[in-house]
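Student: For reference, the file my_file.tsv (TSV, C-alpha atoms (C1' of nucleotides)) is included below:
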chain	number	residue	atom	x	y	z
A	38	MET	CA	-66.99	58.79	35.46
A	39	LYS	CA	-64.71	55.78	35.53
A	40	TRP	CA	-63.03	55.89	38.89
A	41	ASP	CA	-60.44	53.28	38.04
A	42	THR	CA	-58.81	55.50	35.46
A	43	LEU	CA	-59.39	58.69	37.35
A	44	ASP	CA	-55.67	59.03	37.84
A	45	GLU	CA	-55.52	59.79	34.12
A	46	GLU	CA	-57.94	62.67	34.54
A	47	GLN	CA	-56.87	66.16	33.63
A	48	CYS	CA	-57.77	67.63	37.01
A	49	SER	CA	-55.54	67.38	40.06
A	50	LEU	CA	-58.41	67.01	42.44
A	51	SER	CA	-59.80	64.11	40.43
A	52	ARG	CA	-56.47	62.40	40.62
A	53	THR	CA	-56.28	62.88	44.37
A	54	VAL	CA	-59.85	61.69	44.72
A	55	ALA	CA	-58.99	58.58	42.70
A	56	ALA	CA	-56.30	57.73	45.21
A	57	VAL	CA	-57.74	58.73	48.57
A	58	GLY	CA	-61.25	60.02	47.94
A	59	ASP	CA	-63.31	57.45	49.73
A	60	ARG	CA	-64.42	57.09	53.28
A	61	TRP	CA	-62.41	54.12	54.38
A	62	THR	CA	-59.23	55.27	52.71
A	63	LEU	CA	-59.31	58.56	54.57
A	64	LEU	CA	-59.95	56.82	57.87
A	65	ILE	CA	-57.17	54.32	57.19
A	66	LEU	CA	-54.79	57.22	56.55
A	67	ARG	CA	-55.78	58.83	59.82
A	68	GLU	CA	-54.80	55.61	61.55
A	69	CYS	CA	-51.49	55.59	59.69
A	70	PHE	CA	-50.72	59.07	61.02
A	71	LEU	CA	-51.56	57.77	64.48
A	72	ARG	CA	-48.81	55.15	63.97
A	73	VAL	CA	-51.07	52.20	63.21
A	74	ARG	CA	-49.31	49.81	60.83
A	75	ARG	CA	-50.77	46.30	61.01
A	76	PHE	CA	-53.75	44.66	59.43
A	77	GLU	CA	-55.32	43.52	62.68
A	78	ALA	CA	-54.78	46.92	64.26
A	79	PHE	CA	-56.51	48.76	61.42
A	80	GLN	CA	-59.31	46.27	61.44
A	81	SER	CA	-60.04	46.42	65.13
A	82	SER	CA	-59.78	50.17	65.49
A	83	LEU	CA	-61.86	50.98	62.42
A	84	GLN	CA	-64.30	48.07	62.45
A	85	ILE	CA	-63.89	47.87	58.69
A	86	THR	CA	-64.59	44.52	57.08
A	87	ARG	CA	-61.45	42.51	56.48
A	88	HIS	CA	-62.29	42.25	52.82
A	89	LEU	CA	-62.46	45.99	52.26
A	90	LEU	CA	-59.44	46.68	54.42
A	91	SER	CA	-57.44	44.28	52.31
A	92	GLU	CA	-58.63	45.98	49.11
A	93	ARG	CA	-57.90	49.47	50.37
A	94	LEU	CA	-54.43	48.62	51.63
A	95	LYS	CA	-53.58	47.06	48.27
A	96	LYS	CA	-54.78	50.15	46.51
A	97	LEU	CA	-52.77	52.45	48.75
A	98	VAL	CA	-49.68	50.34	48.08
A	99	ARG	CA	-50.39	50.40	44.34
A	100	PHE	CA	-50.53	54.21	44.47
A	101	GLY	CA	-47.26	54.36	46.39
A	102	ILE	CA	-48.87	55.90	49.47
A	103	LEU	CA	-48.06	52.95	51.71
A	104	ARG	CA	-45.22	50.47	51.57
A	105	ARG	CA	-45.78	46.83	52.56
A	106	VAL	CA	-42.81	45.86	54.69
A	107	PRO	CA	-42.14	42.42	56.20
A	108	TYR	CA	-41.62	42.45	59.94
A	109	SER	CA	-41.48	38.70	60.43
A	110	GLU	CA	-40.08	36.03	58.13
A	111	ALA	CA	-41.69	32.87	59.48
A	112	PRO	CA	-44.58	33.21	59.37
A	113	LYS	CA	-44.44	35.95	56.73
A	114	ARG	CA	-46.03	39.04	58.22
A	115	TYR	CA	-46.21	42.52	56.80
A	116	GLU	CA	-46.91	46.00	58.01
A	117	TYR	CA	-47.94	49.10	56.15
A	118	ILE	CA	-45.81	52.22	56.38
A	119	LEU	CA	-46.43	55.65	54.91
A	120	THR	CA	-44.07	56.58	52.10
A	121	GLN	CA	-43.05	60.20	51.55
A	122	LYS	CA	-45.96	60.48	49.14
A	123	GLY	CA	-48.20	59.23	51.93
A	124	LEU	CA	-46.68	61.54	54.54
A	125	ASP	CA	-47.39	64.42	52.20
A	126	LEU	CA	-51.10	63.74	52.68
A	127	TYR	CA	-50.79	65.11	56.19
A	128	PRO	CA	-52.19	68.53	55.24
A	129	VAL	CA	-55.23	66.86	53.69
A	130	ILE	CA	-55.99	64.87	56.83
A	131	MET	CA	-55.23	67.79	59.15
A	132	ALA	CA	-57.42	70.14	57.12
A	133	MET	CA	-60.29	67.67	57.44
A	134	VAL	CA	-59.73	67.11	61.14
A	135	HIS	CA	-59.63	70.84	61.75
A	136	TRP	CA	-62.81	71.46	59.78
A	137	GLY	CA	-64.49	68.70	61.77
A	138	ASP	CA	-63.31	70.26	65.03
A	139	THR	CA	-64.59	73.65	63.96
A	140	HIS	CA	-67.88	72.82	62.31
A	141	MET	CA	-68.99	69.35	63.36
A	142	GLY	CA	-67.92	69.42	67.00
A	143	ASP	CA	-70.14	68.76	69.96
A	144	GLU	CA	-70.37	70.17	73.46
A	145	ARG	CA	-67.68	67.84	74.80
A	146	GLY	CA	-64.94	69.65	72.91
A	147	ARG	CA	-62.46	68.23	70.48
A	148	PRO	CA	-61.39	64.63	70.76
A	149	LEU	CA	-57.69	65.22	70.09
A	150	LEU	CA	-55.30	68.07	70.65
A	151	HIS	CA	-52.21	68.51	68.54
A	152	GLU	CA	-48.89	69.67	69.93
A	153	HIS	CA	-46.18	71.02	67.64
A	154	LYS	CA	-42.94	69.54	68.94
A	155	SER	CA	-40.88	72.30	67.33
A	156	CYS	CA	-42.54	75.07	69.34
A	157	GLY	CA	-44.08	73.06	72.15
A	158	LYS	CA	-47.55	74.55	71.79
A	159	LEU	CA	-51.00	73.21	71.06
A	160	PHE	CA	-51.91	74.43	67.60
A	161	ASP	CA	-54.42	74.49	64.79
A	162	PRO	CA	-53.34	73.95	61.22
A	163	VAL	CA	-53.57	77.07	59.07
A	164	MET	CA	-53.25	77.13	55.31
A	165	VAL	CA	-51.19	80.04	54.02
A	166	CYS	CA	-49.90	81.38	50.73
A	167	SER	CA	-46.41	80.10	49.93
A	168	GLU	CA	-45.45	83.56	48.64
A	169	CYS	CA	-46.70	86.04	51.21
A	170	GLY	CA	-47.50	83.80	54.15
A	171	GLU	CA	-50.99	85.19	54.65
A	172	PRO	CA	-53.86	82.80	55.45
A	173	LEU	CA	-55.72	81.72	52.33
A	174	HIS	CA	-59.37	82.42	51.64
A	175	ALA	CA	-61.26	81.19	48.61
A	176	LYS	CA	-62.36	84.67	47.61
A	177	GLN	CA	-58.81	85.97	47.42
A	178	VAL	CA	-57.71	83.37	44.95
A	179	HIS	CA	-57.93	83.71	41.21
A	180	VAL	CA	-57.59	80.65	39.04
A	181	HIS	CA	-55.70	80.53	35.72
A	182	ALA	CA	-55.40	77.74	33.20
A	183	GLY	CA	-52.04	76.05	33.59
A	184	PRO	CA	-49.90	74.22	31.02
A	185	GLY	CA	-51.74	70.95	31.69
A	186	ARG	CA	-55.15	72.13	30.61
A	187	LYS	CA	-57.23	74.76	28.91
A	188	GLU	CA	-60.56	74.42	30.65
A	189	ALA	CA	-61.25	75.50	34.18
A	190	VAL	CA	-60.82	72.36	36.19
A	191	GLY	CA	-58.85	72.00	39.16
B	2	MET	CA	-69.75	51.60	60.51
B	3	LYS	CA	-73.04	53.37	59.93
B	4	TRP	CA	-72.23	56.29	57.70
B	5	ASP	CA	-75.56	58.00	58.18
B	6	THR	CA	-74.85	58.67	61.85
B	7	LEU	CA	-71.17	59.29	61.37
B	8	ASP	CA	-71.70	62.88	62.41
B	9	GLU	CA	-72.28	61.51	65.91
B	10	GLU	CA	-68.90	59.82	65.89
B	11	GLN	CA	-66.33	60.77	68.46
B	12	CYS	CA	-63.63	61.51	65.93
B	13	SER	CA	-63.42	64.79	64.03
B	14	LEU	CA	-62.18	63.15	60.88
B	15	SER	CA	-65.10	60.73	60.89
B	16	ARG	CA	-67.48	63.64	61.14
B	17	THR	CA	-65.82	65.42	58.26
B	18	VAL	CA	-65.83	62.22	56.25
B	19	ALA	CA	-69.55	61.82	56.95
B	20	ALA	CA	-70.18	65.20	55.38
B	21	VAL	CA	-67.75	65.40	52.49
B	22	GLY	CA	-65.88	62.12	52.37
B	23	ASP	CA	-67.03	60.72	49.10
B	24	ARG	CA	-65.85	61.16	45.58
B	25	TRP	CA	-68.71	63.08	44.10
B	26	THR	CA	-69.08	65.39	47.05
B	27	LEU	CA	-65.45	66.46	46.82
B	28	LEU	CA	-65.75	67.06	43.09
B	29	ILE	CA	-68.97	69.01	43.58
B	30	LEU	CA	-67.21	71.20	46.11
B	31	ARG	CA	-64.37	71.86	43.69
B	32	GLU	CA	-66.96	73.11	41.22
B	33	CYS	CA	-68.47	75.32	43.92
B	34	PHE	CA	-65.09	76.94	44.51
B	35	LEU	CA	-64.85	77.49	40.76
B	36	ARG	CA	-68.12	79.47	41.02
B	37	VAL	CA	-70.44	76.80	39.67
B	38	ARG	CA	-73.87	77.13	41.28
B	39	ARG	CA	-76.58	75.52	39.17
B	40	PHE	CA	-77.82	72.00	38.79
B	41	GLU	CA	-77.32	71.81	35.05
B	42	ALA	CA	-73.85	73.30	35.33
B	43	PHE	CA	-72.72	70.76	37.91
B	44	GLN	CA	-74.22	67.97	35.89
B	45	SER	CA	-72.63	68.85	32.61
B	46	SER	CA	-69.19	69.64	33.96
B	47	LEU	CA	-68.98	66.57	36.19
B	48	GLN	CA	-70.95	64.05	34.12
B	49	ILE	CA	-72.53	62.86	37.34
B	50	THR	CA	-75.94	61.22	37.06
B	51	ARG	CA	-78.76	63.60	37.82
B	52	HIS	CA	-80.00	61.27	40.51
B	53	LEU	CA	-76.76	61.29	42.46
B	54	LEU	CA	-76.21	64.99	41.96
B	55	SER	CA	-79.62	65.66	43.41
B	56	GLU	CA	-78.86	63.44	46.42
B	57	ARG	CA	-75.48	64.99	47.06
B	58	LEU	CA	-76.72	68.55	46.82
B	59	LYS	CA	-79.50	67.76	49.28
B	60	LYS	CA	-76.99	66.29	51.67
B	61	LEU	CA	-74.68	69.28	51.41
B	62	VAL	CA	-77.62	71.57	52.14
B	63	ARG	CA	-78.64	69.38	55.08
B	64	PHE	CA	-75.14	69.71	56.51
B	65	GLY	CA	-75.20	73.48	56.07
B	66	ILE	CA	-72.35	73.47	53.56
B	67	LEU	CA	-74.47	74.81	50.71
B	68	ARG	CA	-77.50	77.05	50.74
B	69	ARG	CA	-80.30	76.55	48.20
B	70	VAL	CA	-81.23	80.01	47.03
B	71	PRO	CA	-84.00	80.88	44.54
B	72	TYR	CA	-82.81	82.91	41.58
B	73	SER	CA	-86.07	82.86	39.65
B	74	GLU	CA	-89.62	82.89	40.94
B	75	ALA	CA	-91.53	81.67	37.91
B	76	PRO	CA	-90.54	79.05	37.18
B	77	LYS	CA	-89.03	78.35	40.61
B	78	ARG	CA	-85.33	77.84	40.09
B	79	TYR	CA	-82.62	77.45	42.68
B	80	GLU	CA	-78.89	77.72	42.87
B	81	TYR	CA	-76.45	76.34	45.40
B	82	ILE	CA	-74.13	78.70	47.22
B	83	LEU	CA	-71.36	77.91	49.68
B	84	THR	CA	-72.11	78.97	53.23
B	85	GLN	CA	-69.30	80.07	55.56
B	86	LYS	CA	-69.11	76.45	56.72
B	87	GLY	CA	-68.69	75.46	53.09
B	88	LEU	CA	-66.13	78.17	52.36
B	89	ASP	CA	-64.13	76.87	55.31
B	90	LEU	CA	-63.60	73.65	53.35
B	91	TYR	CA	-61.25	75.54	51.07
B	92	PRO	CA	-58.11	74.27	52.82
B	93	VAL	CA	-59.33	70.69	52.41
B	94	ILE	CA	-59.86	71.09	48.68
B	95	MET	CA	-56.65	73.05	48.19
B	96	ALA	CA	-54.64	70.49	50.13
B	97	MET	CA	-55.99	67.76	47.87
B	98	VAL	CA	-55.37	69.76	44.71
B	99	HIS	CA	-51.84	70.52	45.78
B	100	TRP	CA	-51.10	66.90	46.62
B	101	GLY	CA	-52.47	65.91	43.22
B	102	ASP	CA	-50.29	68.50	41.52
B	103	THR	CA	-47.24	67.28	43.38
B	104	HIS	CA	-47.68	63.52	43.32
B	105	MET	CA	-50.15	62.59	40.62
B	106	GLY	CA	-49.14	65.08	37.95
B	107	ASP	CA	-48.15	64.23	34.43
B	108	GLU	CA	-45.64	65.63	31.98
B	109	ARG	CA	-47.99	68.36	30.79
B	110	GLY	CA	-47.73	70.26	34.05
B	111	ARG	CA	-50.49	71.33	36.36
B	112	PRO	CA	-53.94	72.01	34.97
B	113	LEU	CA	-54.62	75.12	37.06
B	114	LEU	CA	-52.49	77.83	38.57
B	115	HIS	CA	-53.63	79.79	41.59
B	116	GLU	CA	-53.00	83.48	42.03
B	117	HIS	CA	-53.27	85.12	45.42
B	118	LYS	CA	-55.04	88.42	44.82
B	119	SER	CA	-53.63	89.90	48.04
B	120	CYS	CA	-50.02	89.56	46.93
B	121	GLY	CA	-50.48	89.11	43.21
B	122	LYS	CA	-48.33	86.00	42.94
B	123	LEU	CA	-48.85	82.44	41.82
B	124	PHE	CA	-48.67	80.31	44.94
B	125	ASP	CA	-48.90	76.89	46.49
B	126	PRO	CA	-50.89	76.31	49.65
B	127	VAL	CA	-48.74	75.55	52.69
B	128	MET	CA	-50.04	74.27	55.99
B	129	VAL	CA	-48.40	75.91	58.97
B	130	CYS	CA	-48.65	75.85	62.76
B	131	SER	CA	-51.01	78.53	64.08
B	132	GLU	CA	-48.59	79.24	66.94
B	133	CYS	CA	-45.14	79.46	65.39
B	134	GLY	CA	-45.97	79.72	61.71
B	135	GLU	CA	-43.61	76.93	60.66
B	136	PRO	CA	-44.72	74.41	58.03
B	137	LEU	CA	-46.27	71.31	59.59
B	138	HIS	CA	-44.89	67.81	59.21
B	139	ALA	CA	-46.52	64.71	60.62
B	140	LYS	CA	-43.43	63.68	62.54
B	141	GLN	CA	-43.25	66.94	64.44
B	142	VAL	CA	-46.75	66.61	65.80
B	143	HIS	CA	-47.65	64.90	69.04
B	144	VAL	CA	-51.24	63.96	69.71
B	145	HIS	CA	-52.98	64.29	73.09
B	146	ALA	CA	-56.43	63.19	74.15
B	147	GLY	CA	-58.73	66.20	74.25
B	148	PRO	CA	-61.81	66.84	76.36
B	149	GLY	CA	-64.05	65.11	73.82
B	150	ARG	CA	-62.40	61.70	74.06
B	151	LYS	CA	-60.04	59.44	75.90
B	152	GLU	CA	-58.84	57.14	73.16
B	153	ALA	CA	-56.47	58.13	70.42
B	154	VAL	CA	-58.74	58.97	67.54
B	155	GLY	CA	-58.42	61.92	65.56
C	125	DG	C1'	-52.19	17.95	69.34
C	126	DA	C1'	-55.55	21.55	70.47
C	127	DT	C1'	-55.74	26.41	70.62
C	128	DC	C1'	-54.10	31.01	69.37
C	129	DT	C1'	-52.50	34.84	66.42
C	130	DA	C1'	-51.88	37.41	62.22
C	131	DA	C1'	-52.99	38.33	57.67
C	132	DG	C1'	-55.58	37.58	54.74
C	133	DT	C1'	-59.61	35.12	51.17
C	134	DC	C1'	-64.48	33.65	49.97
C	135	DT	C1'	-69.47	33.91	49.79
C	136	DG	C1'	-74.16	35.48	49.72
C	137	DA	C1'	-77.20	39.34	50.93
C	138	DA	C1'	-77.95	44.33	51.17
C	139	DA	C1'	-76.96	48.95	49.76
C	140	DA	C1'	-75.25	52.32	46.60
C	141	DA	C1'	-74.13	53.93	42.03
C	142	DG	C1'	-74.94	54.15	37.07
C	143	DG	C1'	-77.88	54.91	32.84
C	144	DA	C1'	-81.50	56.68	30.72
C	145	DA	C1'	-86.13	58.08	30.17
C	146	DC	C1'	-89.85	60.99	32.20
C	147	DT	C1'	-92.15	65.23	34.56
C	148	DG	C1'	-93.57	69.94	35.30
C	149	DA	C1'	-93.43	74.70	34.88
C	150	DC	C1'	-92.27	78.13	32.23
C	151	DT	C1'	-89.87	80.55	27.63
C	152	DT	C1'	-88.81	81.24	23.01
C	153	DG	C1'	-89.44	81.23	18.19
C	154	DA	C1'	-92.18	80.25	13.73
D	183	DT	C1'	-100.92	78.93	19.14
D	184	DC	C1'	-98.24	75.23	18.97
D	185	DA	C1'	-93.81	72.81	18.85
D	186	DA	C1'	-89.39	72.77	20.79
D	187	DG	C1'	-86.24	74.14	24.42
D	188	DT	C1'	-84.57	74.98	29.28
D	189	DC	C1'	-83.96	73.91	34.00
D	190	DA	C1'	-84.37	71.25	38.07
D	191	DG	C1'	-85.29	67.61	39.33
D	192	DT	C1'	-87.74	62.26	39.86
D	193	DT	C1'	-88.47	57.37	38.59
D	194	DC	C1'	-87.15	52.88	37.22
D	195	DC	C1'	-84.13	49.24	36.33
D	196	DT	C1'	-79.37	47.20	36.04
D	197	DT	C1'	-74.66	46.80	37.63
D	198	DT	C1'	-71.22	47.44	41.05
D	199	DT	C1'	-69.75	47.98	45.90
D	200	DT	C1'	-70.09	47.15	50.44
D	201	DC	C1'	-71.26	44.44	54.53
D	202	DA	C1'	-71.22	40.52	57.82
D	203	DG	C1'	-69.27	36.71	58.88
D	204	DA	C1'	-67.16	32.14	58.01
D	205	DC	C1'	-62.96	29.96	56.26
D	206	DT	C1'	-57.67	29.46	55.29
D	207	DT	C1'	-52.76	29.19	56.05
D	208	DA	C1'	-48.69	28.97	58.66
D	209	DG	C1'	-46.17	29.06	62.41
D	210	DA	C1'	-46.30	29.73	67.92
D	211	DT	C1'	-47.86	28.52	72.41
D	212	DC	C1'	-49.94	25.69	76.09
I need this file expressed as structure tokens, please.

Tutor:
Amino acid sequence: MKWDTLDEEQCSLSRTVAAVGDRWTLLILRECFLRVRRFEAFQSSLQITRHLLSERLKKLVRFGILRRVPYSEAPKRYEYILTQKGLDLYPVIMAMVHWGDTHMGDERGRPLLHEHKSCGKLFDPVMVCSECGEPLHAKQVHVHAGPGRKEAVG
Amino acid sequence: MKWDTLDEEQCSLSRTVAAVGDRWTLLILRECFLRVRRFEAFQSSLQITRHLLSERLKKLVRFGILRRVPYSEAPKRYEYILTQKGLDLYPVIMAMVHWGDTHMGDERGRPLLHEHKSCGKLFDPVMVCSECGEPLHAKQVHVHAGPGRKEAVG
DNA sequence: GATCTAAGTCTGAAAAAGGAACTGACTTGA
DNA sequence: TCAAGTCAGTTCCTTTTTCAGACTTAGATC
């Protein structure tokens, strides 16, 4: 598979994977949701090599997930801010964090707790059906070919 | 970062990323949710090299996400079935598919449609707060250190 | 004018991925 | 019964990525 043209793939997951489906990219996005915005801050909190960080940030900008915004004119300095497209990745990150909490946790308990400002409570993310509001389980979902494809990919 | 001991990391996302945070693994899991179970079937639908497929399947079994189950005694043949831990990755995959549908789609429309058997309707997955049931948005979530960690990682 | 900070770039070595042929145990069909 | 096919891998070699760390640029601070 040619990962550089994966965004032309027929399958939605492949396209998502092309954009954010590697280790560093996912960790960088986590930092973004924790309000990290600057090159040095990403680098020191992730211990990623500067070379790769630079590559990944460029890629995220190219995909429209981050915006590169100047915060100082002289010297020219930029920070990286999530676009709406980037903010919409929140369910992806939260789903992964929650799975990690549930299945890869250790005896110390979870590293972070999430509070929902709207209701004031500590919560877990739950994925539900947009139509009936019930929690989703793989076995209750049936897949149909959509207009974009005949084969079962998805 | 040493990816082979990432499951010992303090952060839940890192641990999830250690298990499923690479391109092929995510695509393999998609196939699993589409009821693919056998080596040859994964290989031909993904066009992954046999070598890598073999590696990734072993890793998923090691993490307890898939189970390697014999379906023929002579010759010995195995298939790979999602465990409960694996099934619990459904929200991760669905979140990625939905983001791809929304932000990386093309003019042809989405490749797959999902029907919720419980309510009979075509749906989108929505991530909500377990406490109040409202859809989650990054900006309405505040993060606290949990028992497992002091620093803000997540 | 030496040192510091931020945001990168460059380079050479190590690790991972890709491509394709090979193996082994059985089945099928002529 | 013998050749060809199937399935689940393994082996070998090449190409691509990643890693670790030094270097660069431009202005700011001591």

Student: Can you tell me which residues surround Lys176 in chain A at a distance of at most 10 Å, considering only C-alpha atoms (C1' of nucleotides), apart from same-chain residues fewer than 4 positions away, and format the answer as a list in words?

Tutor: Phe34, Leu88, Tyr91, His117 and Lys118 of chain B

Student: Taking a cut-off of 12 Å and counting only C-alpha atoms (C1' of nucleotides), can you build a table that, for each residue of chain C near chain B, reports the nearest atom pair and how far apart they are in Å (one decimal), sorted by chain then residue number, as JSON lines?

Tutor:
{"residue": "C:DA139", "atom": "C1'", "partner": "B:Lys3", "partner_atom": "CA", "distance": 11.8}
{"residue": "C:DA140", "atom": "C1'", "partner": "B:Leu53", "partner_atom": "CA", "distance": 10.0}
{"residue": "C:DA141", "atom": "C1'", "partner": "B:Leu53", "partner_atom": "CA", "distance": 7.8}
{"residue": "C:DG142", "atom": "C1'", "partner": "B:Thr50", "partner_atom": "CA", "distance": 7.1}
{"residue": "C:DG143", "atom": "C1'", "partner": "B:Thr50", "partner_atom": "CA", "distance": 7.8}
{"residue": "C:DA144", "atom": "C1'", "partner": "B:Thr50", "partner_atom": "CA", "distance": 9.6}
{"residue": "C:DA145", "atom": "C1'", "partner": "B:Arg51", "partner_atom": "CA", "distance": 12.0}
{"residue": "C:DG148", "atom": "C1'", "partner": "B:Pro76", "partner_atom": "CA", "distance": 9.8}
{"residue": "C:DA149", "atom": "C1'", "partner": "B:Pro76", "partner_atom": "CA", "distance": 5.7}
{"residue": "C:DC150", "atom": "C1'", "partner": "B:Pro76", "partner_atom": "CA", "distance": 5.3}
{"residue": "C:DT151", "atom": "C1'", "partner": "B:Pro76", "partner_atom": "CA", "distance": 9.7}

Student: May I have the residues of chain B within 8 Å of chain D, counting only C-alpha atoms (C1' of nucleotides), written as a JSON list (two decimals) with C-alpha atoms, in the coordinates of the input?

Tutor:
[["chain", "number", "residue", "atom", "x", "y", "z"],
["B", 40, "PHE", "CA", -77.82, 72.00, 38.79],
["B", 41, "GLU", "CA", -77.32, 71.81, 35.05],
["B", 51, "ARG", "CA", -78.76, 63.60, 37.82],
["B", 52, "HIS", "CA", -80.00, 61.27, 40.51],
["B", 55, "SER", "CA", -79.62, 65.66, 43.41],
["B", 78, "ARG", "CA", -85.33, 77.84, 40.09],
["B", 79, "TYR", "CA", -82.62, 77.45, 42.68]]

Student: How many Å lie between CA of Leu64 in chain A and CA of Ile130 in chain A, rounded to one decimal?

Tutor: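 CA of Ile130 in chain A lies at a distance of 9.0 Å from CA of Leu64 in chain A.
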
Student: Pick out the closest residue to chain A from this set: B:Gly134, B:Ala42, B:Trp4, B:Arg109. Count only C-alpha atoms.

Tutor: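 Nearest to chain A: B:Arg109.
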
Student: In Å, rounded to a single decimal, give me how far CA of Ser49 in chain A is from CA of Pro184 in chain A.

Tutor: 12.7 Å

Student: Show which residues sit within 9 Å of Leu63 in chain A, as number ranges by chain. Count all atoms listed in the file, and ignore same-chain residues fewer than 6 positions away.

Tutor: A: 57, 130; B: 14-15, 18, 22

Student: CA of Ala182 in chain A and CA of Ala96 in chain B are how many Å apart?

Tutor: 18.4 Å

Student: Between A:Val106, A:Lys96, A:Gly157, A:Met133, which has the minimum distance to chain B (counting all atoms listed in the file)?

Tutor: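 Among the listed residues, A:Met133 lies closest to chain B.
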
Student: Which of these, B:Pro92, B:Gly87, B:Pro71, B:Pro136, has the shortest distance to chain A once you count only C-alpha atoms?

Tutor: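 Smallest distance to chain A is found for B:Pro92.
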
Student: Between B:Ile66, B:Cys12, B:Leu61, B:Ile82, which residue has the minimum interatomic distance to chain A, considering only C-alpha atoms?

Tutor: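 Of B:Ile66, B:Cys12, B:Leu61, B:Ile82, the one nearest chain A, counting only C-alpha atoms, is B:Cys12.
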
Student: When you get a chance, write out N, CA and C atoms for range 51-68 of chain A, as a PDB file, in the frame of the given file.

Tutor:
ATOM      1  N   SER A  51     -59.321  65.432  40.828  1.00  0.00           N
ATOM      2  CA  SER A  51     -59.800  64.110  40.430  1.00  0.00           C
ATOM      3  C   SER A  51     -58.760  63.043  40.696  1.00  0.00           C
ATOM      4  N   ARG A  52     -57.522  63.392  40.413  1.00  0.00           N
ATOM      5  CA  ARG A  52     -56.470  62.400  40.620  1.00  0.00           C
ATOM      6  C   ARG A  52     -56.279  62.094  42.099  1.00  0.00           C
ATOM      7  N   THR A  53     -56.378  63.112  42.924  1.00  0.00           N
ATOM      8  CA  THR A  53     -56.280  62.880  44.370  1.00  0.00           C
ATOM      9  C   THR A  53     -57.456  62.048  44.844  1.00  0.00           C
ATOM     10  N   VAL A  54     -58.633  62.410  44.337  1.00  0.00           N
ATOM     11  CA  VAL A  54     -59.850  61.690  44.720  1.00  0.00           C
ATOM     12  C   VAL A  54     -59.756  60.222  44.292  1.00  0.00           C
ATOM     13  N   ALA A  55     -59.153  59.965  43.151  1.00  0.00           N
ATOM     14  CA  ALA A  55     -58.990  58.580  42.700  1.00  0.00           C
ATOM     15  C   ALA A  55     -58.163  57.785  43.703  1.00  0.00           C
ATOM     16  N   ALA A  56     -57.193  58.431  44.301  1.00  0.00           N
ATOM     17  CA  ALA A  56     -56.300  57.730  45.210  1.00  0.00           C
ATOM     18  C   ALA A  56     -56.860  57.630  46.627  1.00  0.00           C
ATOM     19  N   VAL A  57     -57.371  58.715  47.154  1.00  0.00           N
ATOM     20  CA  VAL A  57     -57.740  58.730  48.570  1.00  0.00           C
ATOM     21  C   VAL A  57     -59.157  59.214  48.832  1.00  0.00           C
ATOM     22  N   GLY A  58     -59.954  59.373  47.768  1.00  0.00           N
ATOM     23  CA  GLY A  58     -61.250  60.020  47.940  1.00  0.00           C
ATOM     24  C   GLY A  58     -62.375  59.097  48.346  1.00  0.00           C
ATOM     25  N   ASP A  59     -62.142  58.150  49.203  1.00  0.00           N
ATOM     26  CA  ASP A  59     -63.310  57.450  49.730  1.00  0.00           C
ATOM     27  C   ASP A  59     -63.185  57.331  51.233  1.00  0.00           C
ATOM     28  N   ARG A  60     -64.320  57.017  51.830  1.00  0.00           N
ATOM     29  CA  ARG A  60     -64.420  57.090  53.280  1.00  0.00           C
ATOM     30  C   ARG A  60     -63.381  56.264  53.987  1.00  0.00           C
ATOM     31  N   TRP A  61     -63.327  54.988  53.647  1.00  0.00           N
ATOM     32  CA  TRP A  61     -62.410  54.120  54.380  1.00  0.00           C
ATOM     33  C   TRP A  61     -60.966  54.518  54.170  1.00  0.00           C
ATOM     34  N   THR A  62     -60.623  54.910  52.968  1.00  0.00           N
ATOM     35  CA  THR A  62     -59.230  55.270  52.710  1.00  0.00           C
ATOM     36  C   THR A  62     -58.801  56.437  53.594  1.00  0.00           C
ATOM     37  N   LEU A  63     -59.657  57.424  53.726  1.00  0.00           N
ATOM     38  CA  LEU A  63     -59.310  58.560  54.570  1.00  0.00           C
ATOM     39  C   LEU A  63     -59.158  58.141  56.032  1.00  0.00           C
ATOM     40  N   LEU A  64     -60.053  57.273  56.479  1.00  0.00           N
ATOM     41  CA  LEU A  64     -59.950  56.820  57.870  1.00  0.00           C
ATOM     42  C   LEU A  64     -58.715  55.950  58.089  1.00  0.00           C
ATOM     43  N   ILE A  65     -58.386  55.130  57.082  1.00  0.00           N
ATOM     44  CA  ILE A  65     -57.170  54.320  57.190  1.00  0.00           C
ATOM     45  C   ILE A  65     -55.945  55.231  57.295  1.00  0.00           C
ATOM     46  N   LEU A  66     -55.938  56.298  56.504  1.00  0.00           N
ATOM     47  CA  LEU A  66     -54.790  57.220  56.550  1.00  0.00           C
ATOM     48  C   LEU A  66     -54.682  57.898  57.908  1.00  0.00           C
ATOM     49  N   ARG A  67     -55.828  58.256  58.471  1.00  0.00           N
ATOM     50  CA  ARG A  67     -55.780  58.830  59.820  1.00  0.00           C
ATOM     51  C   ARG A  67     -55.071  57.869  60.766  1.00  0.00           C
ATOM     52  N   GLU A  68     -55.433  56.597  60.691  1.00  0.00           N
ATOM     53  CA  GLU A  68     -54.800  55.610  61.550  1.00  0.00           C
ATOM     54  C   GLU A  68     -53.294  55.535  61.300  1.00  0.00           C
TER      55      GLU A  68
END
